[in-house]
Each structure stands twice: as structure tokens, then as C-alpha cells.
>>> print(open('query23.cif').read())   # mmCIF, N, CA and C atoms
data_my_file
loop_
_atom_site.label_atom_id
_atom_site.label_comp_id
_atom_site.auth_asym_id
_atom_site.auth_seq_id
_atom_site.Cartn_x
_atom_site.Cartn_y
_atom_site.Cartn_z
N GLY C 606 110.12 32.56 99.87
CA GLY C 606 109.62 33.13 101.11
C GLY C 606 109.20 34.56 100.95
N GLY C 607 109.19 35.08 99.72
CA GLY C 607 108.77 36.47 99.52
C GLY C 607 107.29 36.65 99.75
N PRO C 608 106.85 37.88 99.97
CA PRO C 608 105.43 38.12 100.26
C PRO C 608 104.52 37.93 99.06
N ASP C 609 105.03 38.14 97.85
CA ASP C 609 104.19 38.03 96.66
C ASP C 609 104.82 37.06 95.67
N PRO C 610 104.00 36.34 94.92
CA PRO C 610 104.57 35.47 93.88
C PRO C 610 105.21 36.30 92.79
N VAL C 611 106.16 35.72 92.11
CA VAL C 611 106.84 36.38 91.00
C VAL C 611 106.23 35.83 89.72
N ARG C 612 105.90 36.71 88.80
CA ARG C 612 105.35 36.28 87.51
C ARG C 612 106.45 36.36 86.46
N THR C 613 106.36 35.46 85.49
CA THR C 613 107.36 35.46 84.41
C THR C 613 106.99 36.51 83.37
N ASP C 614 107.98 36.86 82.55
CA ASP C 614 107.68 37.73 81.41
C ASP C 614 107.15 36.88 80.26
N GLU C 615 106.97 37.47 79.10
CA GLU C 615 106.38 36.74 77.96
C GLU C 615 107.27 35.61 77.46
N ASP C 616 108.56 35.62 77.83
CA ASP C 616 109.47 34.55 77.43
C ASP C 616 109.67 33.52 78.55
N GLY C 617 108.94 33.66 79.65
CA GLY C 617 109.06 32.71 80.74
C GLY C 617 110.21 33.00 81.69
N ARG C 618 110.85 34.15 81.55
CA ARG C 618 111.97 34.50 82.44
C ARG C 618 111.43 35.18 83.69
N TYR C 619 112.17 35.03 84.77
CA TYR C 619 111.79 35.66 86.03
C TYR C 619 113.03 36.11 86.78
N LEU C 620 112.84 37.01 87.73
CA LEU C 620 113.95 37.55 88.51
C LEU C 620 113.53 37.59 89.97
N LEU C 621 114.34 37.01 90.83
CA LEU C 621 114.11 37.08 92.27
C LEU C 621 115.10 38.06 92.85
N ARG C 622 114.63 39.05 93.57
CA ARG C 622 115.50 40.05 94.19
C ARG C 622 115.42 39.89 95.71
N GLY C 623 116.48 40.35 96.38
CA GLY C 623 116.46 40.37 97.83
C GLY C 623 116.57 38.99 98.46
N VAL C 624 117.23 38.07 97.77
CA VAL C 624 117.40 36.73 98.30
C VAL C 624 118.50 36.74 99.35
N GLN C 625 118.22 36.19 100.50
CA GLN C 625 119.21 36.16 101.58
C GLN C 625 120.35 35.21 101.23
N PRO C 626 121.59 35.70 101.24
CA PRO C 626 122.73 34.83 100.93
C PRO C 626 122.80 33.62 101.87
N GLY C 627 123.11 32.46 101.30
CA GLY C 627 123.25 31.25 102.09
C GLY C 627 121.94 30.54 102.39
N ALA C 628 120.82 31.16 102.07
CA ALA C 628 119.52 30.52 102.31
C ALA C 628 119.28 29.46 101.25
N THR C 629 118.63 28.36 101.64
CA THR C 629 118.27 27.32 100.69
C THR C 629 116.99 27.74 99.98
N LEU C 630 117.04 27.75 98.67
CA LEU C 630 115.89 28.17 97.86
C LEU C 630 115.35 27.00 97.05
N VAL C 631 114.05 26.97 96.88
CA VAL C 631 113.40 26.07 95.94
C VAL C 631 112.42 26.93 95.15
N VAL C 632 112.58 26.95 93.85
CA VAL C 632 111.68 27.71 92.99
C VAL C 632 110.52 26.80 92.61
N GLU C 633 109.30 27.24 92.91
CA GLU C 633 108.10 26.47 92.59
C GLU C 633 107.23 27.30 91.66
N ALA C 634 106.70 26.66 90.64
CA ALA C 634 105.88 27.38 89.66
C ALA C 634 104.57 26.66 89.44
N SER C 635 103.52 27.43 89.16
CA SER C 635 102.23 26.85 88.86
C SER C 635 101.58 27.64 87.73
N ALA C 636 100.73 26.96 87.00
CA ALA C 636 99.98 27.59 85.92
C ALA C 636 98.68 26.80 85.75
N LYS C 637 97.62 27.50 85.42
CA LYS C 637 96.31 26.86 85.27
C LYS C 637 96.37 25.72 84.26
N GLY C 638 95.84 24.55 84.68
CA GLY C 638 95.78 23.39 83.80
C GLY C 638 97.05 22.59 83.71
N LEU C 639 98.08 23.01 84.46
CA LEU C 639 99.36 22.31 84.43
C LEU C 639 99.75 21.89 85.84
N ASP C 640 100.52 20.81 85.92
CA ASP C 640 101.05 20.35 87.19
C ASP C 640 101.99 21.39 87.77
N ARG C 641 101.95 21.55 89.08
CA ARG C 641 102.93 22.41 89.75
C ARG C 641 104.30 21.77 89.58
N THR C 642 105.35 22.58 89.44
CA THR C 642 106.69 22.06 89.27
C THR C 642 107.63 22.82 90.19
N ARG C 643 108.75 22.19 90.52
CA ARG C 643 109.70 22.84 91.42
C ARG C 643 111.12 22.47 91.05
N SER C 644 112.04 23.37 91.43
CA SER C 644 113.45 23.18 91.12
C SER C 644 114.12 22.34 92.20
N GLU C 645 115.36 21.97 91.91
CA GLU C 645 116.22 21.39 92.94
C GLU C 645 116.53 22.50 93.95
N GLU C 646 117.06 22.13 95.12
CA GLU C 646 117.45 23.14 96.09
C GLU C 646 118.65 23.93 95.57
N LEU C 647 118.64 25.23 95.81
CA LEU C 647 119.71 26.13 95.39
C LEU C 647 120.21 26.90 96.60
N VAL C 648 121.50 27.17 96.66
CA VAL C 648 122.07 28.04 97.68
C VAL C 648 122.96 29.03 96.96
N LEU C 649 122.70 30.33 97.16
CA LEU C 649 123.47 31.38 96.51
C LEU C 649 124.26 32.16 97.54
N ALA C 650 125.48 32.49 97.19
CA ALA C 650 126.30 33.35 98.04
C ALA C 650 125.98 34.81 97.70
N ALA C 651 126.44 35.73 98.54
CA ALA C 651 126.23 37.16 98.28
C ALA C 651 126.75 37.52 96.90
N GLY C 652 125.94 38.19 96.11
CA GLY C 652 126.33 38.63 94.78
C GLY C 652 126.21 37.58 93.70
N ASP C 653 125.88 36.32 94.07
CA ASP C 653 125.72 35.28 93.05
C ASP C 653 124.50 35.56 92.18
N ARG C 654 124.58 35.04 90.97
CA ARG C 654 123.47 35.16 90.02
C ARG C 654 123.34 33.84 89.29
N ARG C 655 122.13 33.29 89.20
CA ARG C 655 121.87 32.04 88.47
C ARG C 655 120.90 32.34 87.36
N GLU C 656 121.22 31.86 86.19
CA GLU C 656 120.34 32.08 85.03
C GLU C 656 119.85 30.78 84.43
N ASP C 657 120.16 29.66 85.07
CA ASP C 657 119.83 28.37 84.47
C ASP C 657 118.84 27.56 85.29
N VAL C 658 117.96 28.23 86.01
CA VAL C 658 116.97 27.51 86.80
C VAL C 658 115.71 27.38 85.95
N ASP C 659 115.71 26.38 85.07
CA ASP C 659 114.59 26.15 84.16
C ASP C 659 113.65 25.12 84.76
N LEU C 660 112.36 25.35 84.60
CA LEU C 660 111.34 24.44 85.10
C LEU C 660 110.51 23.94 83.93
N ALA C 661 110.11 22.68 83.99
CA ALA C 661 109.28 22.09 82.93
C ALA C 661 107.93 21.70 83.50
N PHE C 662 106.88 22.08 82.82
CA PHE C 662 105.53 21.73 83.22
C PHE C 662 105.04 20.49 82.48
N VAL C 663 104.15 19.75 83.12
CA VAL C 663 103.41 18.69 82.45
C VAL C 663 101.93 18.99 82.65
N GLN C 664 101.12 18.50 81.75
CA GLN C 664 99.70 18.75 81.83
C GLN C 664 99.14 18.11 83.08
N ALA C 665 98.28 18.83 83.79
CA ALA C 665 97.66 18.32 85.01
C ALA C 665 96.51 17.37 84.67
N GLY C 666 96.06 16.65 85.66
CA GLY C 666 94.93 15.75 85.50
C GLY C 666 93.66 16.37 86.05
N SER C 667 92.54 15.71 85.80
CA SER C 667 91.24 16.15 86.29
C SER C 667 90.57 14.99 87.02
N LEU C 668 89.61 15.34 87.86
CA LEU C 668 88.89 14.34 88.63
C LEU C 668 87.41 14.71 88.68
N VAL C 669 86.55 13.78 88.24
CA VAL C 669 85.11 13.95 88.38
C VAL C 669 84.71 13.29 89.69
N ILE C 670 84.08 14.07 90.57
CA ILE C 670 83.58 13.54 91.85
C ILE C 670 82.06 13.53 91.74
N ALA C 671 81.49 12.33 91.79
CA ALA C 671 80.04 12.17 91.66
C ALA C 671 79.47 11.61 92.96
N VAL C 672 78.28 12.09 93.34
CA VAL C 672 77.60 11.59 94.54
C VAL C 672 76.18 11.20 94.14
N GLU C 673 75.93 9.90 94.12
CA GLU C 673 74.59 9.39 93.78
C GLU C 673 73.66 9.63 94.95
N GLY C 674 72.46 10.16 94.66
CA GLY C 674 71.45 10.40 95.69
C GLY C 674 71.70 11.66 96.50
N ALA C 675 72.53 12.56 95.99
CA ALA C 675 72.83 13.79 96.72
C ALA C 675 71.58 14.63 96.87
N GLY C 676 71.34 15.11 98.10
CA GLY C 676 70.14 15.91 98.36
C GLY C 676 70.44 17.28 98.91
N GLY C 677 71.65 17.69 98.90
CA GLY C 677 72.00 19.01 99.44
C GLY C 677 73.43 19.35 99.10
N PRO C 678 73.88 20.50 99.57
CA PRO C 678 75.24 20.92 99.25
C PRO C 678 76.28 20.02 99.91
N LEU C 679 77.35 19.79 99.19
CA LEU C 679 78.42 18.90 99.65
C LEU C 679 79.77 19.58 99.44
N ILE C 680 80.75 19.13 100.19
CA ILE C 680 82.12 19.54 99.93
C ILE C 680 82.98 18.30 99.77
N ALA C 681 83.97 18.41 98.91
CA ALA C 681 84.94 17.33 98.72
C ALA C 681 86.26 17.82 99.30
N ILE C 682 86.89 16.97 100.09
CA ILE C 682 88.18 17.28 100.68
C ILE C 682 89.18 16.31 100.08
N MET C 683 90.21 16.84 99.43
CA MET C 683 91.16 15.99 98.71
C MET C 683 92.57 16.24 99.24
N THR C 684 93.27 15.16 99.48
CA THR C 684 94.66 15.23 99.94
C THR C 684 95.48 14.30 99.08
N ARG C 685 96.60 14.78 98.59
CA ARG C 685 97.48 13.93 97.79
C ARG C 685 98.30 13.08 98.73
N ARG C 686 98.31 11.77 98.53
CA ARG C 686 99.05 10.85 99.40
C ARG C 686 100.53 11.20 99.41
N GLY C 687 101.10 11.09 100.61
CA GLY C 687 102.52 11.33 100.76
C GLY C 687 102.87 12.80 100.90
N GLU C 688 101.89 13.67 100.93
CA GLU C 688 102.16 15.10 101.06
C GLU C 688 101.34 15.69 102.20
N SER C 689 101.50 15.14 103.38
CA SER C 689 100.70 15.56 104.52
C SER C 689 100.99 17.00 104.94
N ALA C 690 102.13 17.56 104.54
CA ALA C 690 102.47 18.92 104.95
C ALA C 690 101.61 19.96 104.21
N ARG C 691 101.04 19.60 103.07
CA ARG C 691 100.23 20.54 102.30
C ARG C 691 98.81 20.58 102.85
N GLU C 692 98.21 21.75 102.68
CA GLU C 692 96.81 21.90 103.04
C GLU C 692 95.95 21.07 102.09
N PRO C 693 94.88 20.48 102.58
CA PRO C 693 94.00 19.74 101.66
C PRO C 693 93.31 20.70 100.70
N ARG C 694 92.94 20.20 99.55
CA ARG C 694 92.20 20.99 98.58
C ARG C 694 90.72 20.75 98.83
N ILE C 695 89.94 21.81 98.93
CA ILE C 695 88.51 21.69 99.23
C ILE C 695 87.72 22.27 98.06
N GLU C 696 86.74 21.49 97.59
CA GLU C 696 85.89 21.90 96.48
C GLU C 696 84.43 21.75 96.89
N ARG C 697 83.60 22.69 96.50
CA ARG C 697 82.16 22.63 96.78
C ARG C 697 81.47 21.93 95.62
N LEU C 698 80.58 21.01 95.95
CA LEU C 698 79.77 20.32 94.95
C LEU C 698 78.37 20.91 95.03
N ASP C 699 77.97 21.67 94.04
CA ASP C 699 76.64 22.29 94.06
C ASP C 699 75.57 21.35 93.53
N GLY C 700 75.96 20.31 92.87
CA GLY C 700 75.01 19.34 92.34
C GLY C 700 75.48 17.95 92.68
N ALA C 701 75.12 17.02 91.84
CA ALA C 701 75.48 15.62 92.09
C ALA C 701 76.91 15.31 91.68
N SER C 702 77.55 16.22 90.94
CA SER C 702 78.94 15.97 90.56
C SER C 702 79.65 17.28 90.27
N THR C 703 80.95 17.20 90.28
CA THR C 703 81.78 18.34 89.90
C THR C 703 83.07 17.81 89.30
N THR C 704 83.69 18.63 88.46
CA THR C 704 84.99 18.28 87.90
C THR C 704 86.03 19.20 88.51
N VAL C 705 87.08 18.59 89.04
CA VAL C 705 88.18 19.34 89.64
C VAL C 705 89.36 19.26 88.67
N ASP C 706 89.80 20.41 88.20
CA ASP C 706 90.91 20.47 87.25
C ASP C 706 92.20 20.85 87.95
N GLY C 707 93.30 20.69 87.25
CA GLY C 707 94.59 21.16 87.74
C GLY C 707 95.18 20.33 88.86
N LEU C 708 94.89 19.02 88.88
CA LEU C 708 95.43 18.15 89.93
C LEU C 708 96.76 17.55 89.51
N GLU C 709 97.67 17.49 90.45
CA GLU C 709 98.95 16.84 90.21
C GLU C 709 98.73 15.34 90.05
N ALA C 710 99.51 14.73 89.19
CA ALA C 710 99.42 13.28 89.00
C ALA C 710 99.81 12.59 90.30
N GLY C 711 99.15 11.48 90.58
CA GLY C 711 99.45 10.71 91.78
C GLY C 711 98.16 10.19 92.40
N THR C 712 98.29 9.60 93.57
CA THR C 712 97.14 9.05 94.28
C THR C 712 96.57 10.11 95.21
N TRP C 713 95.27 10.36 95.08
CA TRP C 713 94.56 11.33 95.92
C TRP C 713 93.58 10.59 96.81
N GLU C 714 93.46 11.03 98.05
CA GLU C 714 92.44 10.53 98.97
C GLU C 714 91.31 11.55 98.94
N VAL C 715 90.10 11.06 98.68
CA VAL C 715 88.95 11.95 98.52
C VAL C 715 87.90 11.58 99.56
N ARG C 716 87.39 12.59 100.25
CA ARG C 716 86.31 12.44 101.24
C ARG C 716 85.24 13.46 100.88
N VAL C 717 83.98 13.05 100.93
CA VAL C 717 82.88 13.98 100.66
C VAL C 717 82.05 14.10 101.92
N ASN C 718 81.75 15.34 102.31
CA ASN C 718 80.95 15.62 103.50
C ASN C 718 79.74 16.46 103.13
N ALA C 719 78.61 16.19 103.78
CA ALA C 719 77.42 17.01 103.59
C ALA C 719 77.59 18.28 104.41
N ILE C 720 77.07 19.38 103.87
CA ILE C 720 77.08 20.65 104.59
C ILE C 720 75.71 20.79 105.24
N GLY C 721 75.66 20.85 106.56
CA GLY C 721 74.39 20.98 107.29
C GLY C 721 73.73 22.31 107.00
N VAL C 722 72.49 22.29 106.54
CA VAL C 722 71.76 23.51 106.22
C VAL C 722 70.44 23.50 106.97
N GLY C 723 70.14 24.59 107.67
CA GLY C 723 68.85 24.74 108.33
C GLY C 723 68.57 23.74 109.43
N GLY C 724 69.56 23.14 110.01
CA GLY C 724 69.37 22.23 111.12
C GLY C 724 68.84 20.87 110.73
N GLY C 725 68.71 20.59 109.43
CA GLY C 725 68.21 19.30 108.99
C GLY C 725 69.24 18.20 109.20
N GLY C 726 68.80 16.98 109.09
CA GLY C 726 69.70 15.85 109.26
C GLY C 726 70.73 15.79 108.15
N ALA C 727 71.95 15.58 108.52
CA ALA C 727 73.02 15.52 107.53
C ALA C 727 72.97 14.18 106.79
N GLN C 728 73.26 14.20 105.53
CA GLN C 728 73.33 12.98 104.75
C GLN C 728 74.58 12.21 105.13
N ARG C 729 74.48 10.91 105.10
CA ARG C 729 75.65 10.07 105.33
C ARG C 729 76.20 9.70 103.96
N ILE C 730 77.48 9.92 103.78
CA ILE C 730 78.14 9.66 102.50
C ILE C 730 79.00 8.41 102.64
N THR C 731 78.79 7.45 101.72
CA THR C 731 79.60 6.24 101.75
C THR C 731 80.27 6.05 100.39
N PRO C 732 81.41 5.43 100.36
CA PRO C 732 82.24 5.14 101.51
C PRO C 732 82.76 6.45 102.12
N GLU C 733 83.35 6.36 103.31
CA GLU C 733 83.84 7.56 103.98
C GLU C 733 84.94 8.24 103.18
N GLN C 734 85.81 7.43 102.58
CA GLN C 734 86.96 7.96 101.86
C GLN C 734 87.34 6.98 100.75
N GLN C 735 87.83 7.54 99.65
CA GLN C 735 88.30 6.69 98.55
C GLN C 735 89.63 7.22 98.03
N GLN C 736 90.41 6.31 97.50
CA GLN C 736 91.65 6.69 96.84
C GLN C 736 91.45 6.57 95.34
N VAL C 737 92.01 7.53 94.62
CA VAL C 737 91.88 7.52 93.17
C VAL C 737 93.22 7.97 92.57
N ASP C 738 93.62 7.31 91.50
CA ASP C 738 94.85 7.66 90.81
C ASP C 738 94.54 8.68 89.72
N VAL C 739 95.21 9.82 89.78
CA VAL C 739 95.06 10.87 88.79
C VAL C 739 96.29 10.84 87.88
N THR C 740 96.04 10.84 86.58
CA THR C 740 97.10 10.77 85.58
C THR C 740 97.14 12.08 84.82
N SER C 741 98.33 12.57 84.52
CA SER C 741 98.48 13.81 83.76
C SER C 741 97.75 13.72 82.43
N GLY C 742 96.97 14.75 82.13
CA GLY C 742 96.28 14.83 80.86
C GLY C 742 95.03 13.98 80.74
N GLU C 743 94.64 13.29 81.82
CA GLU C 743 93.45 12.43 81.78
C GLU C 743 92.47 12.83 82.88
N THR C 744 91.23 12.33 82.75
CA THR C 744 90.20 12.59 83.76
C THR C 744 89.81 11.29 84.42
N ALA C 745 89.97 11.24 85.74
CA ALA C 745 89.56 10.07 86.54
C ALA C 745 88.18 10.38 87.14
N THR C 746 87.49 9.33 87.60
CA THR C 746 86.17 9.49 88.21
C THR C 746 86.13 8.72 89.51
N VAL C 747 85.50 9.32 90.50
CA VAL C 747 85.28 8.66 91.78
C VAL C 747 83.81 8.90 92.16
N THR C 748 83.12 7.85 92.63
CA THR C 748 81.69 7.93 92.91
C THR C 748 81.41 7.58 94.36
N PHE C 749 80.56 8.39 95.00
CA PHE C 749 80.11 8.16 96.37
C PHE C 749 78.59 8.00 96.35
N THR C 750 78.01 7.56 97.47
CA THR C 750 76.57 7.43 97.59
C THR C 750 76.11 8.17 98.84
N ALA C 751 75.01 8.95 98.70
CA ALA C 751 74.45 9.70 99.83
C ALA C 751 73.20 9.00 100.32
N ALA C 752 73.06 8.92 101.64
CA ALA C 752 71.86 8.33 102.26
C ALA C 752 71.49 9.17 103.46
N GLU C 753 70.19 9.23 103.76
CA GLU C 753 69.71 9.99 104.94
C GLU C 753 70.04 9.25 106.21
#
>>> encode(input="query23.cif", output="C-alpha cells")
Amino acid sequence: GGPDPVRTDEDGRYLLRGVQPGATLVVEASAKGLDRTRSEELVLAAGDRREDVDLAFVQAGSLVIAVEGAGGPLIAIMTRRGESAREPRIERLDGASTTVDGLEAGTWEVRVNAIGVGGGGAQRITPEQQQVDVTSGETATVTFTAAE
């Protein structure tokens, strides 16, 4: 709940200061190209110190989002199934496809929407939504079709 993320030192160690005694803590870590990871819940009393909160990373997955017949700018909105509390991840597609890196393994729901430019008719993207399984260390592909 601190205002700024804590960065590790060169050995991967970190220090959290000003932790409210009795509060439930979960340490979450992220790194480019790796799956986000989190600790078990921890509760510390006043003056307690823990030195054994180790986190293990696994390689993240990638997803190629392709839109056949794309005629304008698009955005992809991705939500990981079972995690409705998280904000969706939004990526801009400047061409007919884009690769999204750093995705957690699991099933993702992907929706592609056209961005209206200059008052022109928006493209209809089909299907409306697709589910795709992302595996750590691998690249999955999902394809949509754009029509006027």
C-alpha cells in the first residue's frame, strides 16, 4: 500500500519500511518479460522482521493479435479470466497485428475495437470476443476480421 514501488538491490533483496503492525501484507513483484508473482499473506507485529519472503518468477507468455482487413487504428482490450478485479490491459494496434509481451499464463479474453477517426464509419470486428490460452515462454495467436 506504499506510494512508490520498492526496487530490489543487485542481489534481489528488498526492504519495506513503515509497515503498519497487524496489517495483512502481500508482496507482489514484476519484471519485464516475466510473470508477475506474489507472496502468501503475511502479518507482522510491531518490531517484527521477516527475511524469508522469497519470490520466484516464471517466464511470461506472448500473444500475437492479428486483424485481417484492418483499415484503421484499433485497440485490443484483454482481461485475464477469473481476475475481474484487475484493470483490463489495453494495447494499440497500429497495423494489422501486434505482439503483446509479458502476459501471465492462463486464459485471456480478447476484444478488438476500431478507433473512430474523422467521423468515418467504424469497422465492425468479428468475432466480438475470443478466448486464448497463453502459456509461459510461448507465443499464442488470435485472429479477428474487420469489415465495414
>>> closest_residue(input="query23.cif", among="C:Ala745, C:Ile682, C:Val672, C:Ala752", to="Arg716 in chain C", atoms="all atoms listed in the file")
C:Ile682
>>> residues_around(input="query23.cif", residues="Gly652 in chain C", least_positions_apart="3", cutoff="8 Å", atoms="only N, CA and C atoms", output="number ranges by chain")
C: 626, 649, 655
>>> closest_residue(input="query23.cif", among="C:Ala681, C:Ala665, C:Leu698, C:Ala675", to="Ser741 in chain C", atoms="only N, CA and C atoms")
C:Ala665
>>> closest_residue(input="query23.cif", among="C:Tyr619, C:Glu646, C:Glu743, C:Gly687", to="Val631 in chain C", atoms="only N, CA and C atoms")
C:Glu646
>>> atom_distance(input="query23.cif", atom1="atom C of Glu615 in chain C", atom2="atom C of Asp653 in chain C")
22.7 Å
>>> resolve_selection(input="query23.cif", expression="the PyMOL selection byres (((chain C and resi 678 and name CA) around 7) and name CA)", output="ChimeraX atom specification")
/C:677,679,698-699,719-720
>>> closest_residue(input="query23.cif", among="C:Gln734, C:Thr703, C:Ser635, C:Ser644", to="Val717 in chain C", atoms="only C-alpha atoms")
C:Gln734
>>> closest_residue(input="query23.cif", among="C:Glu692, C:Thr746, C:Pro732, C:Leu630", to="Ile670 in chain C", atoms="only N, CA and C atoms")
C:Thr746
>>> closest_residue(input="query23.cif", among="C:Val737, C:Ile730, C:Leu621, C:Ala628", to="Asn718 in chain C", atoms="all atoms listed in the file")
C:Ile730
>>> atom_distance(input="query23.cif", atom1="CA of Glu696 in chain C", atom2="atom N of Glu633 in chain C")
24.3 Å
>>> atom_distance(input="query23.cif", atom1="CA of Thr731 in chain C", atom2="atom N of Glu673 in chain C")
9.2 Å
>>> resolve_selection(input="query23.cif", expression="the PyMOL selection byres ((chain C and resi 664) around 8)", output="PyMOL selection string")
chain C and resi 638-641+661-663+665-667+707-710+740-743
>>> write_last_selection(input="query23.cif", atoms="N, CA and C atoms", output="tab-separated table (two decimals), in the coordinates of the input")
chain	number	residue	atom	x	y	z
C	638	GLY	N	95.84	24.55	84.68
C	638	GLY	CA	95.78	23.39	83.80
C	638	GLY	C	97.05	22.59	83.71
C	639	LEU	N	98.08	23.01	84.46
C	639	LEU	CA	99.36	22.31	84.43
C	639	LEU	C	99.75	21.89	85.84
C	640	ASP	N	100.52	20.81	85.92
C	640	ASP	CA	101.05	20.35	87.19
C	640	ASP	C	101.99	21.39	87.77
C	641	ARG	N	101.95	21.55	89.08
C	641	ARG	CA	102.93	22.41	89.75
C	641	ARG	C	104.30	21.77	89.58
C	661	ALA	N	110.11	22.68	83.99
C	661	ALA	CA	109.28	22.09	82.93
C	661	ALA	C	107.93	21.70	83.50
C	662	PHE	N	106.88	22.08	82.82
C	662	PHE	CA	105.53	21.73	83.22
C	662	PHE	C	105.04	20.49	82.48
C	663	VAL	N	104.15	19.75	83.12
C	663	VAL	CA	103.41	18.69	82.45
C	663	VAL	C	101.93	18.99	82.65
C	665	ALA	N	98.28	18.83	83.79
C	665	ALA	CA	97.66	18.32	85.01
C	665	ALA	C	96.51	17.37	84.67
C	666	GLY	N	96.06	16.65	85.66
C	666	GLY	CA	94.93	15.75	85.50
C	666	GLY	C	93.66	16.37	86.05
C	667	SER	N	92.54	15.71	85.80
C	667	SER	CA	91.24	16.15	86.29
C	667	SER	C	90.57	14.99	87.02
C	707	GLY	N	93.30	20.69	87.25
C	707	GLY	CA	94.59	21.16	87.74
C	707	GLY	C	95.18	20.33	88.86
C	708	LEU	N	94.89	19.02	88.88
C	708	LEU	CA	95.43	18.15	89.93
C	708	LEU	C	96.76	17.55	89.51
C	709	GLU	N	97.67	17.49	90.45
C	709	GLU	CA	98.95	16.84	90.21
C	709	GLU	C	98.73	15.34	90.05
C	710	ALA	N	99.51	14.73	89.19
C	710	ALA	CA	99.42	13.28	89.00
C	710	ALA	C	99.81	12.59	90.30
C	740	THR	N	96.04	10.84	86.58
C	740	THR	CA	97.10	10.77	85.58
C	740	THR	C	97.14	12.08	84.82
C	741	SER	N	98.33	12.57	84.52
C	741	SER	CA	98.48	13.81	83.76
C	741	SER	C	97.75	13.72	82.43
C	742	GLY	N	96.97	14.75	82.13
C	742	GLY	CA	96.28	14.83	80.86
C	742	GLY	C	95.03	13.98	80.74
C	743	GLU	N	94.64	13.29	81.82
C	743	GLU	CA	93.45	12.43	81.78
C	743	GLU	C	92.47	12.83	82.88
>>> select_by_dssp(input="query23.cif", residues="range 613-731 of chain C", states="strand (DSSP E)", output="MDAnalysis selection string")
chainID C and resid 629:630 633:634 642:643 647:648 666:673 679:685 694:698 702:708 711:719 729:731
>>> resolve_selection(input="query23.cif", expression="the PyMOL selection byres ((chain C and resi 693) around 6)", output="PDB file with N, CA and C atoms, in the frame of the given file")
ATOM      1  N   MET C 683      90.210  16.840  99.430  1.00  0.00           N
ATOM      2  CA  MET C 683      91.160  15.990  98.710  1.00  0.00           C
ATOM      3  C   MET C 683      92.570  16.240  99.240  1.00  0.00           C
ATOM      4  N   THR C 684      93.270  15.160  99.480  1.00  0.00           N
ATOM      5  CA  THR C 684      94.660  15.230  99.940  1.00  0.00           C
ATOM      6  C   THR C 684      95.480  14.300  99.080  1.00  0.00           C
ATOM      7  N   ARG C 691     101.040  19.600 103.070  1.00  0.00           N
ATOM      8  CA  ARG C 691     100.230  20.540 102.300  1.00  0.00           C
ATOM      9  C   ARG C 691      98.810  20.580 102.850  1.00  0.00           C
ATOM     10  N   GLU C 692      98.210  21.750 102.680  1.00  0.00           N
ATOM     11  CA  GLU C 692      96.810  21.900 103.040  1.00  0.00           C
ATOM     12  C   GLU C 692      95.950  21.070 102.090  1.00  0.00           C
ATOM     13  N   ARG C 694      92.940  20.200  99.550  1.00  0.00           N
ATOM     14  CA  ARG C 694      92.200  20.990  98.580  1.00  0.00           C
ATOM     15  C   ARG C 694      90.720  20.750  98.830  1.00  0.00           C
ATOM     16  N   ILE C 695      89.940  21.810  98.930  1.00  0.00           N
ATOM     17  CA  ILE C 695      88.510  21.690  99.230  1.00  0.00           C
ATOM     18  C   ILE C 695      87.720  22.270  98.060  1.00  0.00           C
TER      19      ILE C 695
END
